[in-house]
$ cat my_file-v2.cif   # mmCIF, C-alpha atoms
data_run
loop_
_atom_site.label_atom_id
_atom_site.label_comp_id
_atom_site.auth_asym_id
_atom_site.auth_seq_id
_atom_site.Cartn_x
_atom_site.Cartn_y
_atom_site.Cartn_z
CA MET A 1 85.08 131.51 135.11
CA SER A 2 88.33 129.58 135.58
CA THR A 3 90.70 128.82 132.71
CA GLY A 4 89.58 125.15 132.74
CA CYS A 5 85.95 126.21 132.47
CA ASP A 6 86.81 128.60 129.64
CA GLU A 7 88.55 125.76 127.90
CA LEU A 8 85.44 123.58 128.22
CA ALA A 9 83.17 126.38 127.02
CA GLU A 10 85.50 126.86 124.04
CA LEU A 11 84.65 123.31 122.94
CA LEU A 12 81.09 124.46 122.27
CA ARG A 13 82.35 126.21 119.16
CA TRP A 14 82.33 122.83 117.42
CA TYR A 15 78.53 122.73 117.76
CA PRO A 16 75.99 124.59 115.59
CA ALA A 17 74.75 127.89 117.04
CA ALA A 18 71.15 126.69 117.52
CA TRP A 19 72.35 123.60 119.38
CA ARG A 20 74.64 125.70 121.61
CA GLU A 21 71.72 127.96 122.41
CA ARG A 22 69.59 125.03 123.58
CA TYR A 23 72.08 122.62 125.16
CA GLY A 24 75.34 124.56 125.53
CA ASP A 25 75.09 125.45 129.25
CA GLU A 26 74.00 121.93 130.15
CA LEU A 27 76.88 120.35 128.25
CA VAL A 28 79.43 122.66 129.89
CA ALA A 29 77.95 121.81 133.32
CA LEU A 30 78.22 118.09 132.54
CA MET A 31 81.79 118.48 131.32
CA GLN A 32 82.66 120.29 134.56
CA ASP A 33 81.08 117.46 136.57
CA VAL A 34 83.06 114.87 134.64
CA VAL A 35 86.41 116.68 134.54
CA GLY A 36 86.29 118.23 138.02
CA ASP A 37 89.48 120.11 138.90
CA ARG A 38 91.60 118.21 136.39
CA GLN A 39 92.66 119.47 132.99
CA PRO A 40 90.51 117.93 130.23
CA SER A 41 92.56 115.36 128.33
CA PHE A 42 93.18 115.63 124.61
CA ARG A 43 91.02 112.53 124.06
CA PHE A 44 88.18 114.08 126.04
CA LYS A 45 88.34 117.28 124.02
CA LEU A 46 88.54 115.32 120.78
CA SER A 47 85.43 113.29 121.65
CA VAL A 48 83.42 116.46 122.42
CA ALA A 49 84.69 118.16 119.24
CA TRP A 50 83.76 115.10 117.19
CA ALA A 51 80.28 115.03 118.76
CA GLY A 52 79.94 118.72 117.85
CA LEU A 53 80.93 118.04 114.25
CA ARG A 54 78.45 115.16 114.10
CA GLU A 55 75.78 117.57 115.32
CA ARG A 56 76.71 120.01 112.56
CA ILE A 57 76.56 117.23 109.94
CA TYR A 58 73.18 116.13 111.30
CA GLY A 59 71.95 119.73 111.39
CA ALA A 60 72.93 120.16 107.73
CA GLY A 61 70.71 117.17 106.92
CA LEU A 62 73.63 115.05 105.69
CA VAL A 63 72.93 112.09 107.98
CA GLY A 64 70.08 110.71 110.05
CA ASP A 65 66.40 110.15 109.47
CA GLN A 66 65.40 113.61 108.33
CA PRO A 67 61.94 114.25 106.82
CA PRO A 68 61.82 113.29 103.08
CA VAL A 69 61.64 116.95 102.02
CA GLU A 70 64.89 117.72 103.84
CA GLN A 71 66.61 114.60 102.52
CA ALA A 72 65.66 115.48 98.94
CA ARG A 73 66.79 119.07 99.40
CA THR A 74 70.12 118.13 101.02
CA GLY A 75 70.76 115.39 98.48
CA SER A 76 70.15 117.78 95.58
CA LEU A 77 72.38 120.44 97.16
CA LEU A 78 75.14 117.88 97.66
CA VAL A 79 75.00 117.06 93.95
CA LEU A 80 75.18 120.80 93.19
CA CYS A 81 78.29 121.17 95.39
CA ALA A 82 79.81 118.10 93.73
CA TRP A 83 79.06 119.64 90.34
CA THR A 84 80.99 122.80 91.29
CA ALA A 85 84.06 120.69 92.15
CA PHE A 86 83.49 118.82 88.91
CA VAL A 87 83.48 122.05 86.88
CA LEU A 88 86.89 122.93 88.35
CA ALA A 89 88.18 119.46 87.46
CA GLY A 90 86.72 119.94 83.97
CA MET A 91 88.59 123.23 83.55
CA SER A 92 91.81 121.52 84.58
CA PHE A 93 91.12 118.65 82.16
CA SER A 94 90.47 121.09 79.34
CA LYS A 95 93.88 122.75 80.00
CA VAL A 96 95.71 119.39 80.17
CA SER A 97 94.16 118.15 76.94
CA GLU A 98 94.72 121.36 74.95
CA HIS A 99 95.94 120.59 71.38
CA TYR A 100 96.15 116.85 72.15
CA SER A 101 95.12 115.78 68.65
CA TYR A 102 98.30 117.29 67.12
CA ALA A 103 100.30 114.73 69.13
CA LEU A 104 98.57 111.83 67.39
CA PRO A 105 98.69 110.57 63.81
CA PRO A 106 95.20 110.59 62.19
CA SER A 107 94.95 106.79 62.41
CA LEU A 108 95.14 106.89 66.23
CA ARG A 109 92.81 109.83 66.83
CA ALA A 110 89.43 108.03 66.84
CA LEU A 111 89.36 106.75 70.45
CA PRO A 112 90.81 109.79 72.27
CA GLN A 113 88.68 112.08 70.09
CA SER A 114 85.48 110.16 70.90
CA ALA A 115 86.38 110.20 74.60
CA PHE A 116 87.18 113.92 74.51
CA LYS A 117 83.96 114.76 72.63
CA SER A 118 82.03 112.71 75.20
CA VAL A 119 83.61 114.68 78.04
CA ALA A 120 82.72 117.96 76.34
CA GLY A 121 79.20 116.90 75.28
CA LEU A 122 78.25 115.38 78.62
CA GLY A 123 79.72 118.40 80.39
CA ILE A 124 77.40 120.66 78.39
CA ILE A 125 74.43 118.40 79.19
CA GLY A 126 75.33 118.51 82.92
CA ALA A 127 75.67 122.31 82.86
CA SER A 128 72.30 122.60 81.06
CA LEU A 129 70.63 120.42 83.70
CA VAL A 130 72.08 122.56 86.50
CA ALA A 131 70.87 125.71 84.70
CA LEU A 132 67.41 124.14 84.29
CA GLY A 133 67.38 123.36 88.01
CA ALA A 134 68.23 126.97 88.82
CA LEU A 135 65.45 128.17 86.50
CA ALA A 136 62.90 125.89 88.18
CA THR A 137 63.63 127.46 91.57
CA LEU A 138 63.32 131.00 90.19
CA PRO A 139 59.61 131.64 91.05
CA ALA A 140 60.13 130.38 94.64
CA PHE A 141 63.33 132.45 94.85
CA VAL A 142 61.51 135.61 93.73
CA ARG A 143 58.83 134.97 96.39
CA PHE A 144 61.58 134.45 98.96
CA ILE A 145 63.26 137.76 98.08
CA ARG A 146 59.90 139.62 98.07
CA ASN A 147 59.19 138.27 101.56
CA GLY A 148 62.40 139.79 102.92
CA GLY A 149 64.74 136.83 102.37
CA TRP A 150 67.42 139.04 100.82
CA THR A 151 68.87 140.00 104.22
CA SER A 152 69.59 136.36 105.06
CA ILE A 153 71.65 135.73 101.91
CA ARG A 154 72.98 139.24 101.25
CA GLY A 155 76.42 138.52 102.75
CA HIS A 156 76.92 135.42 100.61
CA VAL A 157 75.79 137.10 97.38
CA LEU A 158 77.81 140.28 97.92
CA ARG A 159 80.95 138.25 98.64
CA ALA A 160 80.35 136.21 95.47
CA ALA A 161 79.74 139.37 93.41
CA ALA A 162 82.91 141.02 94.75
CA LEU A 163 84.97 137.90 93.98
CA THR A 164 83.49 137.79 90.45
CA ALA A 165 84.48 141.43 89.88
CA ILE A 166 88.03 140.75 91.14
CA THR A 167 88.35 137.59 89.01
CA ALA A 168 87.08 139.33 85.89
CA GLY A 169 89.23 142.39 86.61
CA ALA A 170 92.35 140.26 87.00
CA LEU A 171 91.74 138.76 83.56
CA VAL A 172 92.50 142.07 81.82
CA PRO A 173 96.16 142.49 82.92
CA LEU A 174 96.68 138.74 82.47
CA SER A 175 95.48 138.91 78.85
CA LEU A 176 97.67 141.95 78.15
CA TRP A 177 100.61 140.12 79.68
CA ALA A 178 99.90 137.00 77.61
CA HIS A 179 100.01 139.09 74.39
CA HIS A 180 103.66 139.91 75.10
CA LEU A 181 104.64 136.24 75.54
CA ASP A 182 105.30 133.55 72.94
CA LEU A 183 103.59 130.13 72.92
CA ARG A 184 106.36 128.44 74.94
CA GLN A 185 106.32 131.16 77.62
CA ARG A 186 102.53 130.95 77.85
CA ASN A 187 102.70 127.18 78.37
CA GLY A 188 104.94 126.95 81.41
CA GLY A 189 108.08 128.63 80.02
CA ASP A 190 107.62 131.76 82.13
CA GLY A 191 107.52 130.91 85.85
CA LEU A 192 106.05 134.24 86.93
CA TYR A 193 103.26 134.08 84.35
CA SER A 194 102.49 130.46 85.29
CA ALA A 195 102.27 131.45 88.98
CA ALA A 196 99.92 134.32 88.09
CA ILE A 197 97.72 131.95 86.05
CA GLY A 198 97.74 129.50 88.99
CA LEU A 199 96.61 132.26 91.34
CA TRP A 200 93.91 133.33 88.93
CA ALA A 201 92.68 129.72 88.65
CA LEU A 202 92.50 129.62 92.45
CA LEU A 203 90.48 132.83 92.38
CA VAL A 204 88.08 131.25 89.86
CA ALA A 205 87.71 128.24 92.16
CA VAL A 206 86.97 130.41 95.20
CA THR A 207 84.49 132.50 93.19
CA LEU A 208 82.65 129.40 91.98
CA ALA A 209 82.61 128.00 95.51
CA GLN A 210 81.19 131.27 96.86
CA TRP A 211 78.40 131.34 94.25
CA THR A 212 77.61 127.74 95.14
CA ALA A 213 77.54 128.67 98.84
CA SER A 214 75.11 131.50 97.97
CA GLY A 215 72.88 129.06 96.09
CA VAL A 216 72.98 126.57 98.96
CA ALA A 217 72.19 129.31 101.51
CA ALA A 218 69.20 130.43 99.42
CA VAL A 219 67.78 126.97 98.64
CA ARG A 220 68.03 125.93 102.30
CA ARG A 221 65.80 128.87 103.20
CA ILE A 222 63.33 128.66 100.30
CA ASP A 223 60.11 126.76 100.76
CA LEU A 224 60.06 124.82 97.49
CA PRO A 225 56.75 123.29 96.35
CA ARG A 226 56.87 119.46 96.50
CA GLY A 227 56.58 119.16 92.70
CA VAL A 228 59.56 121.47 92.16
CA LEU A 229 61.57 119.61 94.78
CA ARG A 230 60.84 116.29 93.04
CA PHE A 231 61.91 117.85 89.73
CA GLU A 232 65.13 119.15 91.31
CA ALA A 233 65.83 115.74 92.82
CA THR A 234 65.34 114.06 89.43
CA LEU A 235 67.64 116.60 87.75
CA ALA A 236 70.25 116.01 90.47
CA ILE A 237 70.21 112.27 89.73
CA ALA A 238 70.66 113.00 86.00
CA VAL A 239 73.57 115.38 86.76
CA ALA A 240 75.21 112.69 88.91
CA VAL A 241 74.87 110.17 86.06
CA ALA A 242 76.45 112.71 83.66
CA MET A 243 79.33 113.14 86.12
CA VAL A 244 79.96 109.39 86.23
CA LEU A 245 79.99 109.22 82.41
CA VAL A 246 82.29 112.25 82.07
CA THR A 247 84.73 110.72 84.57
CA GLY A 248 84.69 107.46 82.61
CA ALA A 249 85.30 109.29 79.33
CA ALA A 250 88.12 111.36 80.86
CA GLY A 251 89.72 108.15 82.14
CA LEU A 252 89.38 106.61 78.68
CA TRP A 253 91.02 109.66 77.07
CA TRP A 254 93.88 109.41 79.56
CA GLY A 255 94.31 105.70 78.88
CA ALA A 256 94.32 106.22 75.11
CA MET A 257 96.84 109.04 75.33
CA ALA A 258 99.01 107.08 77.76
CA HIS A 259 99.07 104.24 75.24
CA ASP A 260 99.60 106.20 72.03
CA ALA A 261 101.27 109.48 73.01
CA PRO A 262 102.57 109.47 76.61
CA TRP A 263 105.08 112.19 75.70
CA PHE A 264 102.16 114.62 75.19
CA LEU A 265 101.02 114.14 78.80
CA GLN A 266 104.48 114.91 80.22
CA GLY A 267 105.44 117.48 77.59
CA THR A 268 108.58 115.56 76.58
CA ALA A 269 109.97 114.98 73.05
CA PRO A 270 107.70 112.96 70.67
CA GLY A 271 108.54 109.27 70.63
CA THR A 272 109.73 109.13 74.26
CA SER A 273 107.95 106.95 76.85
CA PRO A 274 107.65 108.91 80.09
CA SER A 275 105.20 107.97 82.87
CA PRO A 276 101.63 108.94 81.93
CA PHE A 277 100.93 109.84 85.58
CA THR A 278 101.29 113.61 85.59
CA LEU A 279 100.49 115.48 88.78
CA GLN A 280 97.83 117.65 87.15
CA LEU A 281 96.02 114.70 85.55
CA VAL A 282 96.13 112.65 88.74
CA MET A 283 94.75 115.61 90.72
CA THR A 284 92.10 116.28 88.06
CA LEU A 285 90.85 112.70 88.02
CA THR A 286 91.00 112.51 91.82
CA LEU A 287 88.86 115.64 92.06
CA MET A 288 86.42 114.17 89.52
CA LEU A 289 86.18 110.91 91.49
CA THR A 290 85.71 112.77 94.79
CA ALA A 291 82.93 114.81 93.20
CA VAL A 292 81.31 111.64 91.82
CA LEU A 293 81.39 109.99 95.27
CA THR A 294 79.88 113.10 96.88
CA ALA A 295 77.17 113.17 94.22
CA ALA A 296 76.53 109.45 94.75
CA TYR A 297 75.95 110.11 98.46
CA GLY A 298 73.56 112.91 97.50
CA VAL A 299 71.70 110.56 95.14
CA ALA A 300 71.45 107.97 97.93
CA ARG A 301 69.79 110.62 100.15
CA ILE A 302 67.43 111.56 97.32
CA THR A 303 66.50 107.94 96.57
CA ARG A 304 65.64 107.36 100.23
CA SER A 305 63.37 110.41 100.19
CA LEU A 306 61.48 109.86 96.94
CA GLY A 307 58.77 107.54 98.33
CA GLY A 308 57.99 109.88 101.22
CA LEU A 309 58.12 112.90 98.93
CA LYS A 310 55.55 111.34 96.59
CA GLN A 311 53.22 110.57 99.50
CA ALA A 312 53.60 114.08 100.90
CA SER A 313 52.60 115.65 97.59
CA MET A 314 49.49 113.45 97.17
CA MET B 1 67.73 102.47 125.03
CA LEU B 2 70.30 103.07 127.84
CA ILE B 3 69.04 106.58 128.49
CA LEU B 4 65.39 105.53 128.37
CA THR B 5 66.10 102.66 130.78
CA SER B 6 67.87 105.03 133.15
CA LEU B 7 65.07 107.58 133.01
CA ALA B 8 62.44 104.87 133.57
CA ALA B 9 63.61 104.94 137.21
CA GLY B 10 63.02 108.69 137.49
CA SER B 11 64.20 112.01 136.11
CA LYS B 12 67.94 112.73 136.04
CA HIS B 13 70.37 115.35 134.77
CA GLY B 14 73.29 114.55 132.47
CA HIS B 15 75.89 113.57 135.06
CA ALA B 16 73.46 111.40 137.04
CA LEU B 17 72.41 109.71 133.79
CA ALA B 18 76.02 108.93 132.83
CA LYS B 19 76.74 107.50 136.30
CA ASP B 20 73.59 105.39 136.36
CA ILE B 21 74.26 103.97 132.87
CA LYS B 22 77.84 103.15 133.87
CA GLU B 23 76.47 101.37 136.94
CA PHE B 24 73.77 99.20 135.37
CA ALA B 25 75.25 98.63 131.89
CA GLY B 26 78.97 99.18 132.37
CA VAL B 27 78.95 101.65 129.47
CA SER B 28 80.83 104.95 129.78
CA LEU B 29 79.09 107.65 127.77
CA GLY B 30 81.19 110.78 127.24
CA PRO B 31 79.47 114.19 127.48
CA GLY B 32 79.40 114.60 123.68
CA ALA B 33 77.89 111.17 123.02
CA LEU B 34 75.39 111.56 125.87
CA TYR B 35 74.13 114.93 124.70
CA GLY B 36 74.01 113.72 121.08
CA ALA B 37 71.65 110.95 122.22
CA ILE B 38 69.64 113.32 124.44
CA THR B 39 69.17 115.67 121.47
CA ARG B 40 67.81 112.88 119.22
CA LEU B 41 65.54 111.48 121.97
CA GLU B 42 64.10 114.90 122.76
CA GLU B 43 63.55 115.61 119.03
CA ARG B 44 61.60 112.37 118.75
CA GLY B 45 59.53 113.23 121.83
CA LEU B 46 60.77 110.23 123.82
CA ILE B 47 62.18 112.35 126.66
CA GLU B 48 61.53 115.91 127.84
CA ALA B 49 63.48 118.51 129.76
CA LEU B 50 62.23 119.68 133.13
CA GLU B 51 62.48 123.22 134.48
CA SER B 52 65.64 123.80 136.45
CA GLU B 53 67.15 126.72 138.30
CA ASP B 54 70.73 125.76 137.61
CA ARG B 55 72.49 124.62 134.44
CA ARG B 56 72.10 120.92 135.28
CA ARG B 57 68.74 120.43 133.63
CA PRO B 58 67.00 117.13 134.44
CA TYR B 59 65.18 115.02 131.85
CA ARG B 60 62.28 112.62 132.19
CA ILE B 61 60.86 109.89 129.99
CA THR B 62 57.60 110.73 128.17
CA GLY B 63 54.62 108.45 127.50
CA ALA B 64 55.93 107.83 123.98
CA GLY B 65 59.36 107.09 125.44
CA SER B 66 57.90 104.54 127.88
CA ALA B 67 55.95 102.89 125.06
CA ALA B 68 59.10 102.70 122.90
CA LEU B 69 61.08 101.23 125.81
CA VAL B 70 58.37 98.64 126.53
CA GLU B 71 58.48 97.56 122.90
CA VAL B 72 62.29 97.20 122.88
CA VAL B 73 62.34 95.39 126.22
CA ARG B 74 59.66 92.93 125.00
CA ASP B 75 61.59 92.26 121.78
CA MET B 76 64.82 91.70 123.69
CA HIS B 77 63.04 89.50 126.21
CA GLN B 78 61.64 87.37 123.40
CA ILE B 79 65.07 86.99 121.78
CA ALA B 80 66.67 86.21 125.16
CA ASP B 81 63.99 83.54 125.81
CA VAL B 82 64.64 81.87 122.46
CA GLY B 83 68.39 81.98 123.06
CA ALA B 84 68.03 80.55 126.58
CA THR B 85 65.74 77.74 125.39
CA ARG B 86 68.13 76.76 122.62
CA LEU B 87 71.07 76.78 125.04
CA GLY B 88 69.10 74.91 127.73
CA LEU B 89 69.52 77.78 130.18
CA THR B 90 67.06 78.85 132.86
CA LEU B 91 66.76 82.61 133.10
CA ALA B 92 65.98 84.06 136.52
#
$ encode --input "my_file-v2.cif" --output "structure tokens"
Amino acid sequence: MSTGCDELAELLRWYPAAWRERYGDELVALMQDVVGDRQPSFRFKLSVAWAGLRERIYGAGLVGDQPPVEQARTGSLLVLCAWTAFVLAGMSFSKVSEHYSYALPPSLRALPQSAFKSVAGLGIIGASLVALGALATLPAFVRFIRNGGWTSIRGHVLRAAALTAITAGALVPLSLWAHHLDLRQRNGGDGLYSAAIGLWALLVAVTLAQWTASGVAAVRRIDLPRGVLRFEATLAIAVAVAMVLVTGAAGLWWGAMAHDAPWFLQGTAPGTSPSPFTLQLVMTLTLMLTAVLTAAYGVARITRSLGGLKQASM
Amino acid sequence: MLILTSLAAGSKHGHALAKDIKEFAGVSLGPGALYGAITRLEERGLIEALESEDRRRPYRITGAGSAALVEVVRDMHQIADVGATRLGLTLA
């Protein structure tokens, strides 16, 4: 094959494997017919790559008129992925808001405290709903494993388990290190320690993402009974609602703190008026909003599927 | 619609389809867009692949594809008729 032909065949990597298997040769032949002896332009390559990505998105059930069962499954999984991002944002929020009440006189604590308690309470409700969803899939998961499904998810699960071991293992030296530091050093005063904590937080994020990927890989392969799928879809909608409320409460907490104690947000001297827009809070709220939007898209997929799902189970 | 219309005149492979569509509709379909549409049409049973010895596999319209095309053409014809009447045009 010539270099040009290799270059065209390389573009197939943007497509899902099953699609490549069925249409790959034909597409390369067509691209050769269209391009001829010329070098494919950047625009040409971009259009093929984009078509390949669209095929991947379609194959994952994220767009298009998929059967109701697939729409409900994909929608629920999208909410689960959004929830994982939301948990990370929640961890960041919990760090930012640590000891916030000491920065406020008792007369000004009511609003931020209510908002903070709402974030915490709704977060627990969301986590319980996700756990309930996982429990509901357990019988189907056990059947899946008994029927030889383990081999198809083994890689995902082993990677997640290894990351968990590394993350937990890294906590031990970090804790020992923290014992030798004072409060100021533990809260940003020691650059090396802060960098290590940042790396560890990244490790936690990757571990959570890998467990989510394992869950997604399993659920996409499990044949869930219609009733269970409807239950999962309903739970996913409830989780998405909890995420919206948590984001609102976190925004309210931020607003209240920005009004009454902006120095707490920036870590400056009490009584000063710095900008309440700290990088960590902006990133945290942005992540929350992104997760909410992703979950909303998942809910839209679920809502479209519910009628068909009900008919299919009758 | 463009692909079904092209295949209504006989089976064609990808490149012939793209050329024919460009000719009768003035629309340039890139390889990615064309094969995206072919994938969806084949999934829905509106077209089918024919056996081929080389990589340029031809496609033909199915009975369901013809029925779908007839329906679309009738709808468009009806809309065109209403538009022409309201504009006082005579369509050939």
$ residues_around --input "my_file-v2.cif" --residues "segment 166-174 of chain A" --least-positions-apart "4" --cutoff "8 Å" --atoms "only C-alpha atoms" --output "compact mmCIF listing (two decimals) with C-alpha atoms, keeping the file's coordinate frame"
# COMPACT_ATOMS: atom_id res chain seq x y z
CA ALA A 162 82.91 141.02 94.75
CA ALA A 178 99.90 137.00 77.61
CA ALA A 196 99.92 134.32 88.09
CA ILE A 197 97.72 131.95 86.05
CA TRP A 200 93.91 133.33 88.93
CA LEU A 203 90.48 132.83 92.38
CA VAL A 204 88.08 131.25 89.86
CA THR A 207 84.49 132.50 93.19
$ interface_residues --input "my_file-v2.cif" --of "chain B" --to "chain A" --cutoff "10 Å" --atoms "all atoms listed in the file" --output "VMD selection string"
chain B and resid 13 to 16 18 to 19 30 to 36 38 to 40 54 to 58
$ atom_distance --input "my_file-v2.cif" --atom1 "atom CA of Ala201 of chain A" --atom2 "atom CA of Val87 of chain A"
12.1 Å
$ atom_distance --input "my_file-v2.cif" --atom1 "atom CA of Ala60 of chain A" --atom2 "atom CA of Ala64 of chain B"
26.6 Å
$ residues_around --input "my_file-v2.cif" --residues "Ala136 of chain A" --least-positions-apart "2" --cutoff "12 Å" --atoms "only C-alpha atoms" --output "MDAnalysis selection string"
chainID A and resid 129:134 138:142 219 224:225 227:233 235
$ write_last_selection --input "my_file-v2.cif" --atoms "C-alpha atoms" --output "PDB file, in the frame of the given file"
ATOM      1  CA  LEU A 129      70.630 120.420  83.700  1.00  0.00           C
ATOM      2  CA  VAL A 130      72.080 122.560  86.500  1.00  0.00           C
ATOM      3  CA  ALA A 131      70.870 125.710  84.700  1.00  0.00           C
ATOM      4  CA  LEU A 132      67.410 124.140  84.290  1.00  0.00           C
ATOM      5  CA  GLY A 133      67.380 123.360  88.010  1.00  0.00           C
ATOM      6  CA  ALA A 134      68.230 126.970  88.820  1.00  0.00           C
ATOM      7  CA  LEU A 138      63.320 131.000  90.190  1.00  0.00           C
ATOM      8  CA  PRO A 139      59.610 131.640  91.050  1.00  0.00           C
ATOM      9  CA  ALA A 140      60.130 130.380  94.640  1.00  0.00           C
ATOM     10  CA  PHE A 141      63.330 132.450  94.850  1.00  0.00           C
ATOM     11  CA  VAL A 142      61.510 135.610  93.730  1.00  0.00           C
ATOM     12  CA  VAL A 219      67.780 126.970  98.640  1.00  0.00           C
ATOM     13  CA  LEU A 224      60.060 124.820  97.490  1.00  0.00           C
ATOM     14  CA  PRO A 225      56.750 123.290  96.350  1.00  0.00           C
ATOM     15  CA  GLY A 227      56.580 119.160  92.700  1.00  0.00           C
ATOM     16  CA  VAL A 228      59.560 121.470  92.160  1.00  0.00           C
ATOM     17  CA  LEU A 229      61.570 119.610  94.780  1.00  0.00           C
ATOM     18  CA  ARG A 230      60.840 116.290  93.040  1.00  0.00           C
ATOM     19  CA  PHE A 231      61.910 117.850  89.730  1.00  0.00           C
ATOM     20  CA  GLU A 232      65.130 119.150  91.310  1.00  0.00           C
ATOM     21  CA  ALA A 233      65.830 115.740  92.820  1.00  0.00           C
ATOM     22  CA  LEU A 235      67.640 116.600  87.750  1.00  0.00           C
TER      23      LEU A 235
END
$ resolve_selection --input "my_file-v2.cif" --expression "the PyMOL selection byres ((chain B and resi 65) around 8)" --output "list in words"
Leu4, Gly45, Leu46, Ile47, Ile61, Thr62, Gly63, Ala64, Ser66, Ala67, Ala68 and Leu69 of chain B
$ decode --input "my_file-v2.cif" --residues "segment 5-23 of chain B" --atoms "N, CA and C atoms" --output "short mmCIF file (atom, residue, chain, number, x, y, z; two decimals), in the first residue's frame"
data_model
loop_
_atom_site.label_atom_id
_atom_site.label_comp_id
_atom_site.auth_asym_id
_atom_site.auth_seq_id
_atom_site.Cartn_x
_atom_site.Cartn_y
_atom_site.Cartn_z
N THR B 5 -33.04 7.95 -3.73
CA THR B 5 -33.39 8.42 -5.09
C THR B 5 -32.34 7.93 -6.09
N SER B 6 -31.08 8.01 -5.70
CA SER B 6 -30.01 7.55 -6.59
C SER B 6 -30.13 6.05 -6.86
N LEU B 7 -30.39 5.30 -5.79
CA LEU B 7 -30.45 3.84 -5.94
C LEU B 7 -31.73 3.39 -6.65
N ALA B 8 -32.74 4.26 -6.71
CA ALA B 8 -33.98 3.91 -7.40
C ALA B 8 -33.70 3.68 -8.89
N ALA B 9 -32.57 4.25 -9.38
CA ALA B 9 -32.22 4.08 -10.79
C ALA B 9 -31.34 2.84 -11.01
N GLY B 10 -31.01 2.14 -9.95
CA GLY B 10 -30.18 0.94 -10.07
C GLY B 10 -29.09 0.92 -9.02
N SER B 11 -28.52 -0.27 -8.82
CA SER B 11 -27.51 -0.41 -7.75
C SER B 11 -26.23 0.36 -8.10
N LYS B 12 -25.57 0.86 -7.04
CA LYS B 12 -24.34 1.63 -7.23
C LYS B 12 -23.42 1.44 -6.02
N HIS B 13 -22.11 1.60 -6.26
CA HIS B 13 -21.19 1.61 -5.12
C HIS B 13 -21.00 3.05 -4.66
N GLY B 14 -20.23 3.23 -3.60
CA GLY B 14 -20.11 4.54 -2.95
C GLY B 14 -19.74 5.68 -3.87
N HIS B 15 -18.70 5.49 -4.68
CA HIS B 15 -18.23 6.59 -5.52
C HIS B 15 -19.27 6.96 -6.58
N ALA B 16 -19.90 5.93 -7.17
CA ALA B 16 -20.93 6.18 -8.19
C ALA B 16 -22.12 6.91 -7.56
N LEU B 17 -22.45 6.52 -6.33
CA LEU B 17 -23.55 7.19 -5.61
C LEU B 17 -23.25 8.68 -5.42
N ALA B 18 -22.03 8.96 -4.93
CA ALA B 18 -21.64 10.35 -4.66
C ALA B 18 -21.69 11.18 -5.94
N LYS B 19 -21.21 10.59 -7.06
CA LYS B 19 -21.21 11.32 -8.33
C LYS B 19 -22.63 11.57 -8.83
N ASP B 20 -23.47 10.54 -8.72
CA ASP B 20 -24.85 10.68 -9.19
C ASP B 20 -25.60 11.75 -8.38
N ILE B 21 -25.41 11.72 -7.05
CA ILE B 21 -26.09 12.70 -6.18
C ILE B 21 -25.62 14.12 -6.51
N LYS B 22 -24.33 14.25 -6.77
CA LYS B 22 -23.78 15.56 -7.13
C LYS B 22 -24.44 16.05 -8.43
N GLU B 23 -24.65 15.09 -9.33
CA GLU B 23 -25.20 15.42 -10.66
C GLU B 23 -26.67 15.86 -10.59
#
